[in-house]
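Below is target07.cif, holding mmCIF, C-alpha atoms (C1' of nucleotides).
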```
data_protein
#
loop_
_atom_site.label_atom_id
_atom_site.label_comp_id
_atom_site.auth_asym_id
_atom_site.auth_seq_id
_atom_site.Cartn_x
_atom_site.Cartn_y
_atom_site.Cartn_z
CA MET A 169 69.50 34.11 67.01
CA GLU A 170 67.64 35.97 64.30
CA THR A 171 69.97 34.60 61.70
CA ASP A 172 67.03 33.25 59.73
CA LYS A 173 65.59 36.71 59.19
CA GLN A 174 68.86 38.21 58.13
CA ASP A 175 69.38 35.28 55.81
CA PHE A 176 66.22 36.24 53.93
CA PHE A 177 67.51 39.76 53.44
CA LYS A 178 70.84 38.39 52.35
CA ARG A 179 69.16 36.21 49.74
CA VAL A 180 67.24 39.16 48.41
CA HIS A 181 70.45 41.12 48.08
CA GLN A 182 72.03 38.20 46.28
CA VAL A 183 69.21 37.97 43.74
CA ALA A 184 69.20 41.73 43.24
CA LYS A 185 72.87 41.59 42.29
CA LEU A 186 72.03 38.94 39.70
CA ILE A 187 69.70 41.29 37.84
CA PRO A 188 71.27 41.93 34.41
CA GLU A 189 71.95 45.47 33.31
CA GLY A 190 69.11 47.03 31.37
CA ARG A 191 66.64 44.61 32.92
CA VAL A 192 64.13 44.99 35.72
CA THR A 193 62.20 42.68 37.98
CA ASN A 194 59.54 42.97 40.62
CA TYR A 195 59.49 42.28 44.36
CA GLY A 196 57.01 39.44 44.09
CA ALA A 197 59.22 37.52 41.65
CA ILE A 198 62.18 37.70 43.99
CA ALA A 199 60.03 36.74 46.95
CA LYS A 200 58.63 33.79 45.06
CA TYR A 201 62.10 32.77 43.95
CA LEU A 202 63.13 32.71 47.61
CA GLY A 203 60.07 30.66 48.45
CA ALA A 204 58.13 33.48 50.07
CA ALA A 205 55.79 34.63 47.33
CA LYS A 206 53.64 36.44 49.87
CA SER A 207 56.59 38.28 51.36
CA ALA A 208 57.00 40.75 48.54
CA ARG A 209 56.87 43.52 51.10
CA ILE A 210 59.86 42.10 52.92
CA VAL A 211 61.79 42.15 49.66
CA GLY A 212 61.20 45.87 49.48
CA TYR A 213 62.39 46.14 53.06
CA ALA A 214 65.50 44.21 52.17
CA MET A 215 66.10 46.62 49.33
CA ASN A 216 65.92 49.45 51.78
CA ALA A 217 68.59 47.72 53.86
CA SER A 218 70.67 47.17 50.74
CA HIS A 219 70.27 50.76 49.69
CA GLY A 220 73.67 51.53 51.19
CA ASP A 221 75.32 48.86 49.07
CA ILE A 222 76.13 50.14 45.57
CA SER A 223 76.67 46.55 44.49
CA ILE A 224 72.92 46.07 44.78
CA PRO A 225 71.03 47.67 41.89
CA ALA A 226 67.85 48.36 43.81
CA HIS A 227 66.77 50.69 41.01
CA ARG A 228 66.29 47.62 38.82
CA VAL A 229 63.61 46.37 41.15
CA VAL A 230 60.13 47.73 40.64
CA ASN A 231 56.64 46.63 41.54
CA ARG A 232 54.58 44.20 39.47
CA ILE A 233 53.24 46.94 37.19
CA GLY A 234 56.70 48.30 36.41
CA MET A 235 56.22 51.45 38.43
CA LEU A 236 59.15 53.00 40.31
CA SER A 237 57.43 52.68 43.63
CA GLY A 238 60.77 52.98 45.40
CA LYS A 239 62.17 55.99 43.59
CA HIS A 240 60.97 58.08 46.46
CA HIS A 241 63.50 56.35 48.70
CA PHE A 242 66.51 57.26 46.62
CA ASP A 243 68.63 60.29 47.33
CA GLY A 244 67.29 62.44 44.52
CA THR A 245 63.74 62.65 43.31
CA ASN A 246 64.54 61.04 39.99
CA LEU A 247 67.81 59.29 40.75
CA MET A 248 66.25 55.88 40.26
CA GLN A 249 64.92 56.89 36.87
CA GLN A 250 68.28 58.35 35.92
CA LEU A 251 70.02 55.10 36.75
CA LEU A 252 67.53 53.06 34.76
CA GLU A 253 67.71 55.29 31.72
CA SER A 254 71.48 55.21 32.03
CA GLU A 255 71.24 51.46 31.48
CA GLY A 256 68.92 51.83 28.54
CA VAL A 257 65.67 51.40 30.45
CA HIS A 258 63.17 54.01 29.38
CA VAL A 259 61.10 55.39 32.22
CA LYS A 260 58.20 57.80 32.03
CA ASP A 261 56.09 59.15 34.83
CA ASN A 262 57.64 56.75 37.35
CA GLN A 263 56.68 53.94 35.02
CA VAL A 264 59.01 51.59 33.14
CA GLN A 265 58.42 51.51 29.40
CA ASN A 266 58.45 48.19 27.50
CA PHE A 267 58.39 46.60 30.93
CA ASP A 268 57.20 43.37 29.33
CA GLU A 269 60.34 43.22 27.17
CA ILE A 270 62.97 44.04 29.76
CA TYR A 271 61.28 42.14 32.54
CA TRP A 272 63.68 39.67 34.17
CA ASP A 273 62.14 36.78 36.07
CA PRO A 274 64.56 34.99 38.47
CA THR A 275 62.28 31.97 38.59
CA LYS A 276 62.67 31.66 34.82
CA GLU A 277 66.14 32.99 34.14
CA LEU A 278 67.61 31.12 37.07
"C1'" DT B 94 55.22 44.31 75.15
"C1'" DA B 95 51.82 46.05 71.76
"C1'" DC B 96 50.43 48.78 67.86
"C1'" DC B 97 51.34 50.95 63.34
"C1'" DT B 98 53.54 51.60 59.17
"C1'" DG B 99 55.70 50.08 54.97
"C1'" DA B 100 60.24 49.94 48.06
"C1'" DC B 101 53.91 44.58 47.36
"C1'" DG B 102 50.60 41.28 45.52
"C1'" DC B 103 46.35 38.95 44.91
"C1'" DC B 104 41.30 38.22 45.59
"C1'" DA B 105 36.68 39.92 46.04
"C1'" DA B 106 32.91 43.17 45.44
"C1'" DC C 1342 37.07 47.42 34.21
"C1'" DT C 1343 38.00 50.03 38.75
"C1'" DT C 1344 38.40 50.33 43.69
"C1'" DG C 1345 38.91 48.34 48.31
"C1'" DG C 1346 40.47 45.11 51.63
"C1'" DC C 1347 43.40 41.41 53.49
"C1'" DG C 1348 47.76 38.86 54.12
"C1'" DC C 1349 52.78 38.54 54.56
"C1'" DC C 1350 57.23 39.71 57.64
"C1'" DA C 1351 60.19 42.97 59.80
"C1'" DG C 1352 61.40 47.20 62.05
"C1'" DG C 1353 60.47 51.46 64.61
"C1'" DT C 1354 58.05 54.03 68.17
#
```

Would you mind giving the structure from this file in structure tokens?
Amino acid sequence: METDKQDFFKRVHQVAKLIPEGRVTNYGAIAKYLGAAKSARIVGYAMNASHGDISIPAHRVVNRIGMLSGKHHFDGTNLMQQLLESEGVHVKDNQVQNFDEIYWDPTKEL
DNA sequence: TACCTGACGCCAA
DNA sequence: CTTGGCGCCAGGT
């Protein structure tokens, strides 16, 4: 059974739900937290799978430089940015402002 | 079944 | 300091 693979996705979803409002994290941090630091890409894939689940704030997950690399995958063109700003996260040019301040590291916070 | 692409990240030149 | 290439895993064609 490919339960192992699905389990990884499930873990990613779980961590994504733990992201506090107004905070953001990056794929690599989640991957590392799960023990697969080099599988940052898979985290993004998991986000794509979780895109249908509103309980998973995928918009709070950005790449290591704080850029909304995944905004292109949301319904609207700037839906991801809208959601972030709605939580108090300032975004400009697909880039999260004060990323260093609102950055949420699961390996540290958890 | 094999090859290619993809919401990333890090190292090397 | 900037740009390019490689590695990782999974899914689709």

Hey, which bits of region 214-274 of chain A sit within 12 Å of chain C, and for each residue what's the closest pair of atoms and how far apart in Å (one decimal), counting only C-alpha atoms (C1' of nucleotides), rows by chain and increasing number, as CSV?
```
residue,atom,partner,partner_atom,distance
A:Ala214,CA,C:DA1351,C1',9.4
A:Asn216,CA,C:DG1352,C1',11.4
A:Ala217,CA,C:DG1352,C1',10.9
```

Do you have the CA of Arg209 (chain A)-C1' of DC101 (chain B) distance handy?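 Distance reported for this atom pair: 4.9 Å.
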
Hey, list the chain B side of the contact with chain A: 10 Å cut-off, all atoms listed in the file, answer as a PyMOL selection string. chain B and resi 99-103

One number please: CA of Asp261 (chain A) to CA of Ile233 (chain A), in Å, one decimal.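 Here the two named atoms are 12.8 Å from each other.
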
Between CA of His219 (chain A) and CA of Lys276 (chain A), what is the distance, to one decimal in Å?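 For CA of His219 (chain A) relative to CA of Lys276 (chain A), the distance reads 25.4 Å.
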
Written as a short mmCIF file (atom, residue, chain, number, x, y, z; two decimals) with C-alpha atoms, in the coordinates of the input, which residues does the PyMOL selection byres ((chain A and resi 223) around 12) give for the file shown?
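In the end it all went to result28.cif:
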```cif
data_model
loop_
_atom_site.label_atom_id
_atom_site.label_comp_id
_atom_site.auth_asym_id
_atom_site.auth_seq_id
_atom_site.Cartn_x
_atom_site.Cartn_y
_atom_site.Cartn_z
CA HIS A 181 70.45 41.12 48.08
CA GLN A 182 72.03 38.20 46.28
CA VAL A 183 69.21 37.97 43.74
CA ALA A 184 69.20 41.73 43.24
CA LYS A 185 72.87 41.59 42.29
CA LEU A 186 72.03 38.94 39.70
CA ILE A 187 69.70 41.29 37.84
CA MET A 215 66.10 46.62 49.33
CA SER A 218 70.67 47.17 50.74
CA HIS A 219 70.27 50.76 49.69
CA GLY A 220 73.67 51.53 51.19
CA ASP A 221 75.32 48.86 49.07
CA ILE A 222 76.13 50.14 45.57
CA ILE A 224 72.92 46.07 44.78
CA PRO A 225 71.03 47.67 41.89
CA ALA A 226 67.85 48.36 43.81
CA HIS A 227 66.77 50.69 41.01
CA ARG A 228 66.29 47.62 38.82
#
```

Which residue, A:Phe177, A:Val192, A:Met248, A:Ile198, has the smallest gap to chain C when you use only C-alpha atoms (C1' of nucleotides)?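 Closest to chain C, using only C-alpha atoms (C1' of nucleotides): A:Phe177.
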
Starting from the displayed file, determine the output of the PyMOL selection byres ((chain A and resi 249) around 9) and express the residue list as a ChimeraX atom specification. /A:227,236,239,245-248,250-254,257-260,262-264

Write out the residues from the selection above, keeping C-alpha atoms, as a PDB file, in the coordinates of the input.
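Printed below is selection_23.pdb as written:
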```pdb
ATOM      1  CA  HIS A 227      66.770  50.690  41.010  1.00  0.00           C
ATOM      2  CA  LEU A 236      59.150  53.000  40.310  1.00  0.00           C
ATOM      3  CA  LYS A 239      62.170  55.990  43.590  1.00  0.00           C
ATOM      4  CA  THR A 245      63.740  62.650  43.310  1.00  0.00           C
ATOM      5  CA  ASN A 246      64.540  61.040  39.990  1.00  0.00           C
ATOM      6  CA  LEU A 247      67.810  59.290  40.750  1.00  0.00           C
ATOM      7  CA  MET A 248      66.250  55.880  40.260  1.00  0.00           C
ATOM      8  CA  GLN A 250      68.280  58.350  35.920  1.00  0.00           C
ATOM      9  CA  LEU A 251      70.020  55.100  36.750  1.00  0.00           C
ATOM     10  CA  LEU A 252      67.530  53.060  34.760  1.00  0.00           C
ATOM     11  CA  GLU A 253      67.710  55.290  31.720  1.00  0.00           C
ATOM     12  CA  SER A 254      71.480  55.210  32.030  1.00  0.00           C
ATOM     13  CA  VAL A 257      65.670  51.400  30.450  1.00  0.00           C
ATOM     14  CA  HIS A 258      63.170  54.010  29.380  1.00  0.00           C
ATOM     15  CA  VAL A 259      61.100  55.390  32.220  1.00  0.00           C
ATOM     16  CA  LYS A 260      58.200  57.800  32.030  1.00  0.00           C
ATOM     17  CA  ASN A 262      57.640  56.750  37.350  1.00  0.00           C
ATOM     18  CA  GLN A 263      56.680  53.940  35.020  1.00  0.00           C
ATOM     19  CA  VAL A 264      59.010  51.590  33.140  1.00  0.00           C
TER      20      VAL A 264
END
```

Could you add whatever atoms are missing so that region 191-205 of chain A carries N, CA, C and O atoms, then write the result as a short mmCIF file (atom, residue, chain, number, x, y, z; two decimals), in the frame of the given file?
```
data_model
loop_
_atom_site.label_atom_id
_atom_site.label_comp_id
_atom_site.auth_asym_id
_atom_site.auth_seq_id
_atom_site.Cartn_x
_atom_site.Cartn_y
_atom_site.Cartn_z
N ARG A 191 67.82 45.45 32.64
CA ARG A 191 66.64 44.61 32.92
C ARG A 191 66.03 45.02 34.25
O ARG A 191 66.70 45.60 35.10
N VAL A 192 64.80 44.66 34.46
CA VAL A 192 64.13 44.99 35.72
C VAL A 192 63.29 43.81 36.19
O VAL A 192 62.91 42.96 35.39
N THR A 193 63.03 43.75 37.44
CA THR A 193 62.20 42.68 37.98
C THR A 193 61.29 43.27 39.05
O THR A 193 61.37 44.44 39.38
N ASN A 194 60.45 42.44 39.60
CA ASN A 194 59.54 42.97 40.62
C ASN A 194 59.76 42.25 41.94
O ASN A 194 60.34 41.17 41.99
N TYR A 195 59.28 42.81 43.01
CA TYR A 195 59.49 42.28 44.36
C TYR A 195 58.88 40.88 44.50
O TYR A 195 59.48 39.99 45.09
N GLY A 196 57.72 40.72 43.97
CA GLY A 196 57.01 39.44 44.09
C GLY A 196 57.80 38.30 43.47
O GLY A 196 57.85 37.20 44.02
N ALA A 197 58.44 38.55 42.33
CA ALA A 197 59.22 37.52 41.65
C ALA A 197 60.38 37.07 42.52
O ALA A 197 60.65 35.88 42.65
N ILE A 198 61.05 38.03 43.11
CA ILE A 198 62.18 37.70 43.99
C ILE A 198 61.68 36.94 45.20
O ILE A 198 62.26 35.92 45.60
N ALA A 199 60.60 37.40 45.78
CA ALA A 199 60.03 36.74 46.95
C ALA A 199 59.67 35.30 46.62
O ALA A 199 59.99 34.37 47.36
N LYS A 200 59.03 35.14 45.48
CA LYS A 200 58.63 33.79 45.06
C LYS A 200 59.86 32.92 44.83
O LYS A 200 59.89 31.75 45.21
N TYR A 201 60.86 33.50 44.22
CA TYR A 201 62.10 32.77 43.95
C TYR A 201 62.72 32.28 45.26
O TYR A 201 63.31 31.20 45.33
N LEU A 202 62.58 33.07 46.30
CA LEU A 202 63.13 32.71 47.61
C LEU A 202 62.21 31.77 48.37
O LEU A 202 62.55 31.27 49.43
N GLY A 203 61.01 31.56 47.80
CA GLY A 203 60.07 30.66 48.45
C GLY A 203 59.10 31.37 49.35
O GLY A 203 58.39 30.76 50.13
N ALA A 204 59.05 32.71 49.24
CA ALA A 204 58.13 33.48 50.07
C ALA A 204 57.34 34.43 49.17
O ALA A 204 57.46 35.64 49.25
N ALA A 205 56.54 33.85 48.31
CA ALA A 205 55.79 34.63 47.33
C ALA A 205 54.94 35.72 47.99
O ALA A 205 54.70 36.76 47.40
#
```
